[in-house]
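Trainee: I have a structure I would like to understand better, so I am pasting it below and will then ask my questions one at a time.
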Amino acid sequence: MSDRDRKPPFRRGGGKPFEKGRKPGGRPAWRDRDASPDGPVILYGWHTVAAALANPERQIRKLFLTENAARRLADENIDTRVPPEIVRPSAIDQRLGPDAVHQGLLAEAEPLPAPDIDALAQEGIVLVLDQITDPHNVGAILRSAAAFAVKAIVTTARHSPEATGVLAKSASGALEMVPLVTVQNLARALNELNDRGFMTVGLDSEGAEDLAAVALQQPLALVLGAEGKGLRQLTRETCSVVARLDMPGEIKSLNVSNAAVLALYIGASRLGLMK
């Protein structure tokens, strides 16, 4: 990813830390996937908040609505689940900033649970993100992942945006549909996927063959690197295959979120998942 359009992850100012639950007796089977040390997960915008309200696993702490947004929720029979606070649009602007397109909805919520990597179903496709830091790109990838029924997205604890704010808005509700698995060491996680029978395919412009020509098989893990840097060397070495996306036009590279869509379409088509 180019540094010119990198934006820092959304953080809520003034929030108090909250304690994350942990099961006794070692590593929990589920971890908070989008917890921020500064407070709850921030969700805004119609699709983002409506999807959160429809998700029984998402616990809503507070809900701020304009009169128009409250009326629309009522018209569409969407349960707010908590008593909303009716506010003027400017009150939400003050919380989020003037550039946030909130459409009159703002929710403060608890993080969602997420599976450990060894709990992933050994079928279909998962996406693995190698230090993709732009929340807009990760949100767009989440949205595409939901469209292609991706089983999970694996990302690193460091050098990745928090699943809140801008990322959640860019995902347009997909944050509630695709589990996020956060790992400390990506190479170790890829080795674990390899050991569990996943075909791990790294996407890189210097790949040995076109992805469309690779004999793909389930379960499939498609590994995407950051724009500009691409896959890190250890990531490349850990993937079972490194492939490229051939383009017929003059421009031979794509934005990482667009590359994800193309790779998912090729993968889902080759695996017979488009039916």
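Ordering of the structure tokens sets the chain letters (A, B, ...); residue numbers start at 1 within each chain; ligands are numbered from 1 in the order shown.
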So that I can see what lies close to range 75-81 of chain A, please list as a PyMOL selection string the residues with an atom at most 12 Å from it, counting only C-alpha atoms and leaving out residues fewer than 4 positions away in the same chain.
Mentor: chain A and resi 46-47+49-56+58-65+68-71+85+105-107+109
Trainee: Please identify all polymer residues within 10 Å of range 230-246 of chain A, counting only C-alpha atoms, omitting same-chain residues fewer than 4 positions from it, and present them as a ChimeraX atom specification.
Mentor: /A:1,129-132,186-191,193-194,198-214,216,221-226,252-254,256,259,262-263,266
Trainee: Find the distance between CA of Ser144 in chain A and CA of Glu108 in chain A and write it in Å to one decimal.
Mentor: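 Straight-line distance from CA of Ser144 in chain A to CA of Glu108 in chain A works out to 24.6 Å.
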Trainee: Rank nothing, just name the residue among A:Pro219, A:Gly45, A:Pro135, A:Gly104 nearest to Ser257 in chain A, using only C-alpha atoms.
Mentor: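 Ranked by minimum distance to Ser257 in chain A, first place goes to A:Pro135.
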Trainee: Quick check for you: according to DSSP on this backbone, which residues of range 11-257 of chain A are classed as alpha helix (DSSP H)? Reply as an MDAnalysis selection string.
Mentor: chainID A and resid 46:54 67:75 89:96 135:147 165:171 186:195 233:238 256:257
Trainee: Just the number, please: distance in Å from CA of Ile141 in chain A to CA of Arg72 in chain A, one decimal.
Mentor: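 Interatomic distance here is 28.0 Å.
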Trainee: What are the closest atom pairs, with distances in Å to one decimal, for all residues of range 137-171 of chain A lying within 12 Å of range 180-184 of chain A? Consider only C-alpha atoms, order rows by chain and residue number, and present the result as CSV.
Mentor:
```
residue,atom,partner,partner_atom,distance
A:Val138,CA,A:Leu180,CA,11.0
A:Gly139,CA,A:Leu180,CA,11.6
A:Ile141,CA,A:Leu180,CA,11.8
A:Leu142,CA,A:Leu180,CA,9.2
A:Ala145,CA,A:Leu180,CA,11.0
A:Ala146,CA,A:Leu180,CA,11.7
A:Val150,CA,A:Leu180,CA,10.7
A:Lys151,CA,A:Leu180,CA,9.4
A:Ala152,CA,A:Leu180,CA,5.8
A:Ile153,CA,A:Leu180,CA,5.0
A:Val154,CA,A:Val181,CA,4.6
A:Thr155,CA,A:Thr182,CA,5.1
A:Thr156,CA,A:Val183,CA,4.9
A:Ala157,CA,A:Thr182,CA,5.5
A:Arg158,CA,A:Gln184,CA,7.4
A:His159,CA,A:Gln184,CA,10.5
A:Ser160,CA,A:Thr182,CA,9.4
A:Pro161,CA,A:Thr182,CA,11.0
A:Glu162,CA,A:Thr182,CA,10.5
A:Ala163,CA,A:Leu180,CA,8.7
```
Trainee: Output all heavy atoms for every residue in that selection, as a compact mmCIF listing (two decimals), in the first residue's frame.
Mentor:
```txt
# COMPACT_ATOMS: atom_id res chain seq x y z
N VAL A 138 -8.91 -2.42 4.01
CA VAL A 138 -9.32 -3.61 4.75
C VAL A 138 -10.85 -3.69 4.82
O VAL A 138 -11.43 -4.77 4.69
CB VAL A 138 -8.70 -3.62 6.16
CG1 VAL A 138 -9.19 -4.83 6.96
CG2 VAL A 138 -7.18 -3.65 6.07
N GLY A 139 -11.50 -2.55 4.99
CA GLY A 139 -12.96 -2.54 4.99
C GLY A 139 -13.53 -3.00 3.66
O GLY A 139 -14.48 -3.79 3.62
N ILE A 141 -12.03 -4.94 1.51
CA ILE A 141 -11.75 -6.37 1.40
C ILE A 141 -12.77 -7.18 2.19
O ILE A 141 -13.25 -8.23 1.74
CB ILE A 141 -10.31 -6.66 1.87
CG1 ILE A 141 -9.30 -6.10 0.87
CG2 ILE A 141 -10.09 -8.16 2.06
CD1 ILE A 141 -7.87 -6.12 1.36
N LEU A 142 -13.13 -6.69 3.36
CA LEU A 142 -14.16 -7.36 4.17
C LEU A 142 -15.47 -7.44 3.42
O LEU A 142 -16.15 -8.48 3.42
CB LEU A 142 -14.36 -6.62 5.48
CG LEU A 142 -13.60 -7.12 6.70
CD1 LEU A 142 -13.60 -6.05 7.79
CD2 LEU A 142 -14.23 -8.40 7.22
N ALA A 145 -15.18 -10.00 0.82
CA ALA A 145 -15.13 -11.31 1.46
C ALA A 145 -16.52 -11.80 1.82
O ALA A 145 -16.86 -12.98 1.64
CB ALA A 145 -14.25 -11.26 2.70
N ALA A 146 -17.36 -10.90 2.32
CA ALA A 146 -18.74 -11.27 2.63
C ALA A 146 -19.50 -11.67 1.38
O ALA A 146 -20.29 -12.62 1.39
CB ALA A 146 -19.45 -10.13 3.35
N VAL A 150 -16.45 -15.79 2.17
CA VAL A 150 -15.15 -16.15 2.75
C VAL A 150 -15.36 -16.57 4.20
O VAL A 150 -16.13 -15.96 4.94
CB VAL A 150 -14.18 -14.95 2.64
CG1 VAL A 150 -12.95 -15.14 3.52
CG2 VAL A 150 -13.76 -14.75 1.18
N LYS A 151 -14.66 -17.62 4.60
CA LYS A 151 -14.87 -18.19 5.93
C LYS A 151 -14.27 -17.33 7.04
O LYS A 151 -14.79 -17.32 8.17
CB LYS A 151 -14.26 -19.59 5.99
CG LYS A 151 -14.83 -20.57 4.97
CD LYS A 151 -16.34 -20.70 5.11
CE LYS A 151 -16.88 -21.72 4.11
NZ LYS A 151 -18.37 -21.84 4.18
N ALA A 152 -13.17 -16.63 6.75
CA ALA A 152 -12.53 -15.79 7.75
C ALA A 152 -11.44 -14.97 7.08
O ALA A 152 -10.98 -15.28 5.97
CB ALA A 152 -11.93 -16.63 8.88
N ILE A 153 -11.04 -13.90 7.76
CA ILE A 153 -9.89 -13.12 7.35
C ILE A 153 -8.87 -13.19 8.47
O ILE A 153 -9.18 -12.91 9.64
CB ILE A 153 -10.26 -11.66 7.05
CG1 ILE A 153 -11.10 -11.60 5.76
CG2 ILE A 153 -9.01 -10.79 6.90
CD1 ILE A 153 -11.52 -10.20 5.37
N VAL A 154 -7.64 -13.57 8.11
CA VAL A 154 -6.55 -13.66 9.08
C VAL A 154 -5.66 -12.44 8.91
O VAL A 154 -5.24 -12.12 7.79
CB VAL A 154 -5.73 -14.95 8.86
CG1 VAL A 154 -4.57 -15.02 9.86
CG2 VAL A 154 -6.62 -16.18 8.96
N THR A 155 -5.39 -11.75 10.01
CA THR A 155 -4.55 -10.56 9.96
C THR A 155 -3.66 -10.52 11.18
O THR A 155 -3.85 -11.27 12.13
CB THR A 155 -5.42 -9.29 9.85
OG1 THR A 155 -4.58 -8.15 9.61
CG2 THR A 155 -6.23 -9.07 11.11
N THR A 156 -2.67 -9.64 11.15
CA THR A 156 -1.71 -9.55 12.23
C THR A 156 -2.17 -8.58 13.31
O THR A 156 -2.87 -7.61 13.03
CB THR A 156 -0.34 -9.11 11.72
OG1 THR A 156 -0.48 -7.90 10.96
CG2 THR A 156 0.27 -10.18 10.83
N ALA A 157 -1.74 -8.83 14.54
CA ALA A 157 -2.10 -7.94 15.65
C ALA A 157 -1.45 -6.58 15.47
O ALA A 157 -2.04 -5.55 15.80
CB ALA A 157 -1.68 -8.57 16.97
N ARG A 158 -0.23 -6.56 14.94
CA ARG A 158 0.46 -5.31 14.66
C ARG A 158 0.40 -5.01 13.17
O ARG A 158 0.22 -5.89 12.34
CB ARG A 158 1.93 -5.39 15.10
CG ARG A 158 2.13 -5.60 16.59
CD ARG A 158 3.60 -5.60 16.93
NE ARG A 158 4.24 -4.34 16.55
CZ ARG A 158 5.55 -4.17 16.49
NH1 ARG A 158 6.37 -5.19 16.72
NH2 ARG A 158 6.06 -2.99 16.15
N HIS A 159 0.52 -3.74 12.82
CA HIS A 159 0.51 -3.31 11.42
C HIS A 159 -0.78 -3.69 10.73
O HIS A 159 -0.79 -4.11 9.56
CB HIS A 159 1.72 -3.89 10.67
CG HIS A 159 3.03 -3.56 11.29
ND1 HIS A 159 3.54 -2.29 11.34
CD2 HIS A 159 3.94 -4.36 11.92
CE1 HIS A 159 4.70 -2.30 11.96
NE2 HIS A 159 4.97 -3.54 12.34
N SER A 160 -1.89 -3.54 11.43
CA SER A 160 -3.21 -3.71 10.83
C SER A 160 -4.17 -2.79 11.57
O SER A 160 -3.99 -2.55 12.77
CB SER A 160 -3.68 -5.16 10.89
OG SER A 160 -3.79 -5.58 12.23
N PRO A 161 -5.17 -2.26 10.89
CA PRO A 161 -6.08 -1.31 11.54
C PRO A 161 -7.06 -2.00 12.47
O PRO A 161 -7.39 -3.18 12.29
CB PRO A 161 -6.82 -0.66 10.36
CG PRO A 161 -6.79 -1.71 9.30
CD PRO A 161 -5.50 -2.45 9.47
N GLU A 162 -7.52 -1.26 13.48
CA GLU A 162 -8.53 -1.80 14.38
C GLU A 162 -9.86 -1.92 13.65
O GLU A 162 -10.19 -1.13 12.77
CB GLU A 162 -8.69 -0.88 15.59
CG GLU A 162 -7.45 -0.82 16.47
CD GLU A 162 -7.54 0.27 17.51
OE1 GLU A 162 -8.57 0.98 17.53
OE2 GLU A 162 -6.60 0.40 18.30
N ALA A 163 -10.63 -2.94 14.02
CA ALA A 163 -11.92 -3.20 13.38
C ALA A 163 -12.98 -2.32 14.01
O ALA A 163 -13.86 -2.77 14.74
CB ALA A 163 -12.29 -4.67 13.50
```
Trainee: Please determine, counting only C-alpha atoms, which residue among A:Gly97, A:Gln218, A:Asn137, A:Val41 has the shortest atom-to-atom distance to Leu273 in chain A.
Mentor: A:Gln218
Trainee: Would you work out the distance separating CA of Ser170 in chain A from CA of Lys275 in chain A, expressed in Å to one decimal?
Mentor: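 Rounded to one decimal, the two atoms are 27.0 Å apart.
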Trainee: Please give the complete set of residues from range 31-222 of chain A that DSSP, run on the backbone, assigns to strand (DSSP E), formatted as a VMD selection string.
Mentor: chain A and resid 31 to 32 41 to 44 60 to 65 85 to 86 105 to 109 113 to 115 125 to 130 152 to 156 180 to 183 199 to 203 209 to 210 220 to 222
Trainee: Please provide the set of residues having any atom within 12 Å of Glu57 in chain A, restricted to only C-alpha atoms, with same-chain residues fewer than 4 positions apart removed, written as a PyMOL selection string.
Mentor: chain A and resi 32+51-53+109-114+175-177+179
Trainee: Select, from A:Tyr44, A:Gly165, A:Thr66, A:Arg196, the residue with the minimum atom-to-atom distance to Ala119 in chain A, counting only C-alpha atoms.
Mentor: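 Looking at the shortest contact to Ala119 in chain A, the residue is A:Arg196.
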